[in-house]
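What follows is the content of model.cif (mmCIF, C-alpha atoms).
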```
data_upload
loop_
_atom_site.label_atom_id
_atom_site.label_comp_id
_atom_site.auth_asym_id
_atom_site.auth_seq_id
_atom_site.Cartn_x
_atom_site.Cartn_y
_atom_site.Cartn_z
CA MET L 3 65.39 8.74 20.75
CA ARG L 4 62.11 10.21 19.66
CA ILE L 5 63.84 12.35 16.98
CA LYS L 6 65.59 9.30 15.54
CA SER L 7 62.34 7.37 15.22
CA LEU L 8 60.60 10.37 13.59
CA LEU L 9 63.49 10.79 11.17
CA ALA L 10 63.51 7.08 10.34
CA SER L 11 59.77 7.07 9.66
CA ALA L 12 60.11 10.16 7.44
CA VAL L 13 62.88 8.47 5.43
CA VAL L 14 60.80 5.30 5.00
CA ALA L 15 57.77 7.35 3.91
CA GLY L 16 59.92 9.29 1.42
CA ILE L 17 61.38 6.12 -0.07
CA ALA L 18 57.91 4.58 -0.40
CA THR L 19 56.59 7.72 -2.12
CA VAL L 20 59.49 7.88 -4.58
CA GLY L 21 59.25 4.16 -5.28
CA THR L 22 55.52 4.36 -5.95
CA GLY L 23 56.04 7.34 -8.25
CA GLY L 24 58.75 5.48 -10.16
CA VAL L 25 56.49 2.48 -10.69
CA ALA L 26 53.64 4.73 -11.85
CA PHE L 27 55.95 6.52 -14.28
CA ALA L 28 57.34 3.27 -15.65
CA SER L 29 53.87 1.82 -16.24
CA SER L 30 52.39 4.89 -17.96
CA PRO L 31 52.01 4.62 -21.75
CA PRO L 32 54.40 6.66 -23.92
CA LYS L 33 53.16 10.02 -25.15
CA PRO L 34 52.16 10.14 -28.82
CA LYS L 35 54.30 12.26 -31.14
CA PRO L 36 52.74 15.62 -31.92
CA SER L 37 51.47 16.09 -35.44
CA THR L 38 53.40 18.34 -37.78
CA THR L 39 52.02 21.85 -37.96
CA SER L 40 51.88 23.96 -41.09
CA ALA L 41 54.86 25.99 -39.84
CA ASP L 42 56.87 22.80 -39.42
CA SER L 43 55.90 21.55 -42.86
CA ALA L 44 56.98 24.86 -44.43
CA PHE L 45 60.24 24.71 -42.48
CA CYS L 46 60.81 21.10 -43.52
CA ALA L 47 60.18 21.83 -47.19
CA LYS L 48 63.01 24.37 -47.19
CA ALA L 49 65.26 22.53 -44.75
CA GLU L 50 65.24 19.21 -46.60
CA GLN L 51 66.55 21.03 -49.66
CA ARG L 52 69.38 22.51 -47.56
CA LEU L 53 70.36 19.21 -45.95
CA PRO L 54 72.74 17.98 -48.72
CA ALA L 55 74.53 21.34 -48.76
CA LEU L 56 74.87 21.27 -44.97
CA GLU L 57 76.28 17.73 -45.10
CA ALA L 58 78.82 18.84 -47.71
CA GLN L 59 79.74 21.84 -45.54
CA ARG L 60 80.19 19.52 -42.54
CA ILE L 61 82.63 17.39 -44.53
CA ARG L 62 84.57 20.48 -45.72
CA ASP L 63 84.73 21.81 -42.16
CA GLU L 64 86.06 18.50 -40.83
CA GLN L 65 88.73 18.46 -43.54
CA GLN L 66 89.70 22.05 -42.76
CA ILE L 67 89.97 21.24 -39.05
CA ASP L 68 92.22 18.26 -39.83
CA ASP L 69 94.41 20.39 -42.11
CA LEU L 70 94.73 23.12 -39.50
CA MET L 71 95.66 20.58 -36.81
CA LYS L 72 98.44 19.24 -39.05
CA ALA L 73 99.64 22.77 -39.82
CA ILE L 74 99.72 23.63 -36.12
CA GLU L 75 101.83 20.56 -35.38
CA ALA L 76 104.24 21.43 -38.20
CA ALA L 77 104.53 25.02 -36.96
CA LYS L 78 105.23 23.78 -33.42
CA ASP L 79 107.94 21.47 -34.75
CA HIS L 80 109.59 24.46 -36.43
CA HIS L 81 109.18 26.66 -33.31
CA ARG L 82 106.99 29.21 -35.12
CA GLU L 83 104.93 30.44 -32.16
CA ASP L 84 103.52 33.42 -34.08
CA LEU L 85 102.22 31.10 -36.79
CA VAL L 86 100.86 28.68 -34.18
CA GLU L 87 98.81 31.47 -32.60
CA ALA L 88 97.35 32.52 -35.95
CA LEU L 89 96.53 28.93 -36.90
CA GLU L 90 94.91 28.29 -33.52
CA ARG L 91 92.65 31.32 -34.03
CA ARG L 92 91.64 29.95 -37.42
CA LEU L 93 91.10 26.53 -35.85
CA ASP L 94 88.80 28.00 -33.19
CA GLU L 95 86.79 29.76 -35.88
CA ALA L 96 86.56 26.59 -37.98
CA GLN L 97 85.40 24.59 -34.95
CA ARG L 98 82.71 27.19 -34.16
CA ASP L 99 81.50 27.06 -37.76
CA HIS L 100 81.51 23.26 -37.65
CA ALA L 101 79.47 23.25 -34.43
CA THR L 102 76.93 25.62 -36.01
CA VAL L 103 76.52 23.34 -39.02
CA LEU L 104 76.09 20.30 -36.76
CA VAL L 105 73.37 22.08 -34.78
CA GLN L 106 71.56 23.07 -37.98
CA ILE L 107 71.65 19.47 -39.21
CA ALA L 108 70.39 18.19 -35.85
CA VAL L 109 67.51 20.68 -35.83
CA ILE L 110 66.43 19.55 -39.29
CA HIS L 111 66.55 15.91 -38.26
CA LEU L 112 64.57 16.55 -35.07
CA ARG L 113 61.88 18.78 -36.53
CA CYS L 114 61.42 17.00 -39.85
CA HIS L 115 62.03 13.38 -38.78
CA VAL L 116 64.41 12.71 -41.70
#
```

Would you mind writing the file's structure down as structure tokens?
Amino acid sequence: MRIKSLLASAVVAGIATVGTGGVAFASSPPKPKPSTTSADSAFCAKAEQRLPALEAQRIRDEQQIDDLMKAIEAAKDHHREDLVEALERRLDEAQRDHATVLVQIAVIHLRCHV
């Protein structure tokens, strides 16, 4: 009986602590955004010039992925398993390239606030 009461009091104390911490966190003011450093401004100067080219590359990659998906379906319909394997390898490569471009675009947006 004694163990149950100790365990119950520990649970109540833990809930009260977590609840108090949640209220304190919710009421704290938001942190100000850090100012841009000279390294960030140099990065942003170059990156903003690259952004239109990266967007164009993203569009080309998406079109290539769509074309490869259609080609894979056509090859499957014609029972060309060797061609399907080759197209799937090209599709994997195109998807990796597309993911890289998306990450580069996201980094520019996050660091440069554009």

request  = Measure the distance from CA of Gln51 in chain L to CA of Gln66 in chain L in Å and round it to one decimal.
outcome  = 24.2 Å

ask   = Which neighbours of Ala101 in chain L fall inside 12 Å, counting only C-alpha atoms, when residues of the same chain fewer than 4 positions from it are skipped, and could you give them as number ranges by chain?
value = L: 56, 59-60, 63-64, 67, 94-97, 105-108

Output C-alpha atoms for every residue in that selection, as a JSON list (two decimals), in the frame of the given file.
```json
[["chain", "number", "residue", "atom", "x", "y", "z"],
["L", 56, "LEU", "CA", 74.87, 21.27, -44.97],
["L", 59, "GLN", "CA", 79.74, 21.84, -45.54],
["L", 60, "ARG", "CA", 80.19, 19.52, -42.54],
["L", 63, "ASP", "CA", 84.73, 21.81, -42.16],
["L", 64, "GLU", "CA", 86.06, 18.50, -40.83],
["L", 67, "ILE", "CA", 89.97, 21.24, -39.05],
["L", 94, "ASP", "CA", 88.80, 28.00, -33.19],
["L", 95, "GLU", "CA", 86.79, 29.76, -35.88],
["L", 96, "ALA", "CA", 86.56, 26.59, -37.98],
["L", 97, "GLN", "CA", 85.40, 24.59, -34.95],
["L", 105, "VAL", "CA", 73.37, 22.08, -34.78],
["L", 106, "GLN", "CA", 71.56, 23.07, -37.98],
["L", 107, "ILE", "CA", 71.65, 19.47, -39.21],
["L", 108, "ALA", "CA", 70.39, 18.19, -35.85]]
```

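Separating CA of Ile61 in chain L from CA of Arg98 in chain L is a distance of 14.3 Å.
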
task = Take the PyMOL selection byres ((chain L and resi 49) around 10), apply it to the structure above, and return the hits as a ChimeraX atom specification.
result = /L:42-48,50-54,56,106-107,109-111,113-114

Selected residues written out with C-alpha atoms, as a compact mmCIF listing (two decimals), in the frame of the given file:
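Done, and the output landed in out-v3.txt:
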```txt
# COMPACT_ATOMS: atom_id res chain seq x y z
CA ASP L 42 56.87 22.80 -39.42
CA SER L 43 55.90 21.55 -42.86
CA ALA L 44 56.98 24.86 -44.43
CA PHE L 45 60.24 24.71 -42.48
CA CYS L 46 60.81 21.10 -43.52
CA ALA L 47 60.18 21.83 -47.19
CA LYS L 48 63.01 24.37 -47.19
CA GLU L 50 65.24 19.21 -46.60
CA GLN L 51 66.55 21.03 -49.66
CA ARG L 52 69.38 22.51 -47.56
CA LEU L 53 70.36 19.21 -45.95
CA PRO L 54 72.74 17.98 -48.72
CA LEU L 56 74.87 21.27 -44.97
CA GLN L 106 71.56 23.07 -37.98
CA ILE L 107 71.65 19.47 -39.21
CA VAL L 109 67.51 20.68 -35.83
CA ILE L 110 66.43 19.55 -39.29
CA HIS L 111 66.55 15.91 -38.26
CA ARG L 113 61.88 18.78 -36.53
CA CYS L 114 61.42 17.00 -39.85
```

task = Quick one: residues within 8 Å of (101.0, 24.6, -41.4) (file frame), counting all atoms listed in the file, please, as a ChimeraX atom specification.
result = /L:69-70,72-77,89

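Note that the spacing between CA of Ala55 in chain L and CA of Thr102 in chain L amounts to 13.7 Å.
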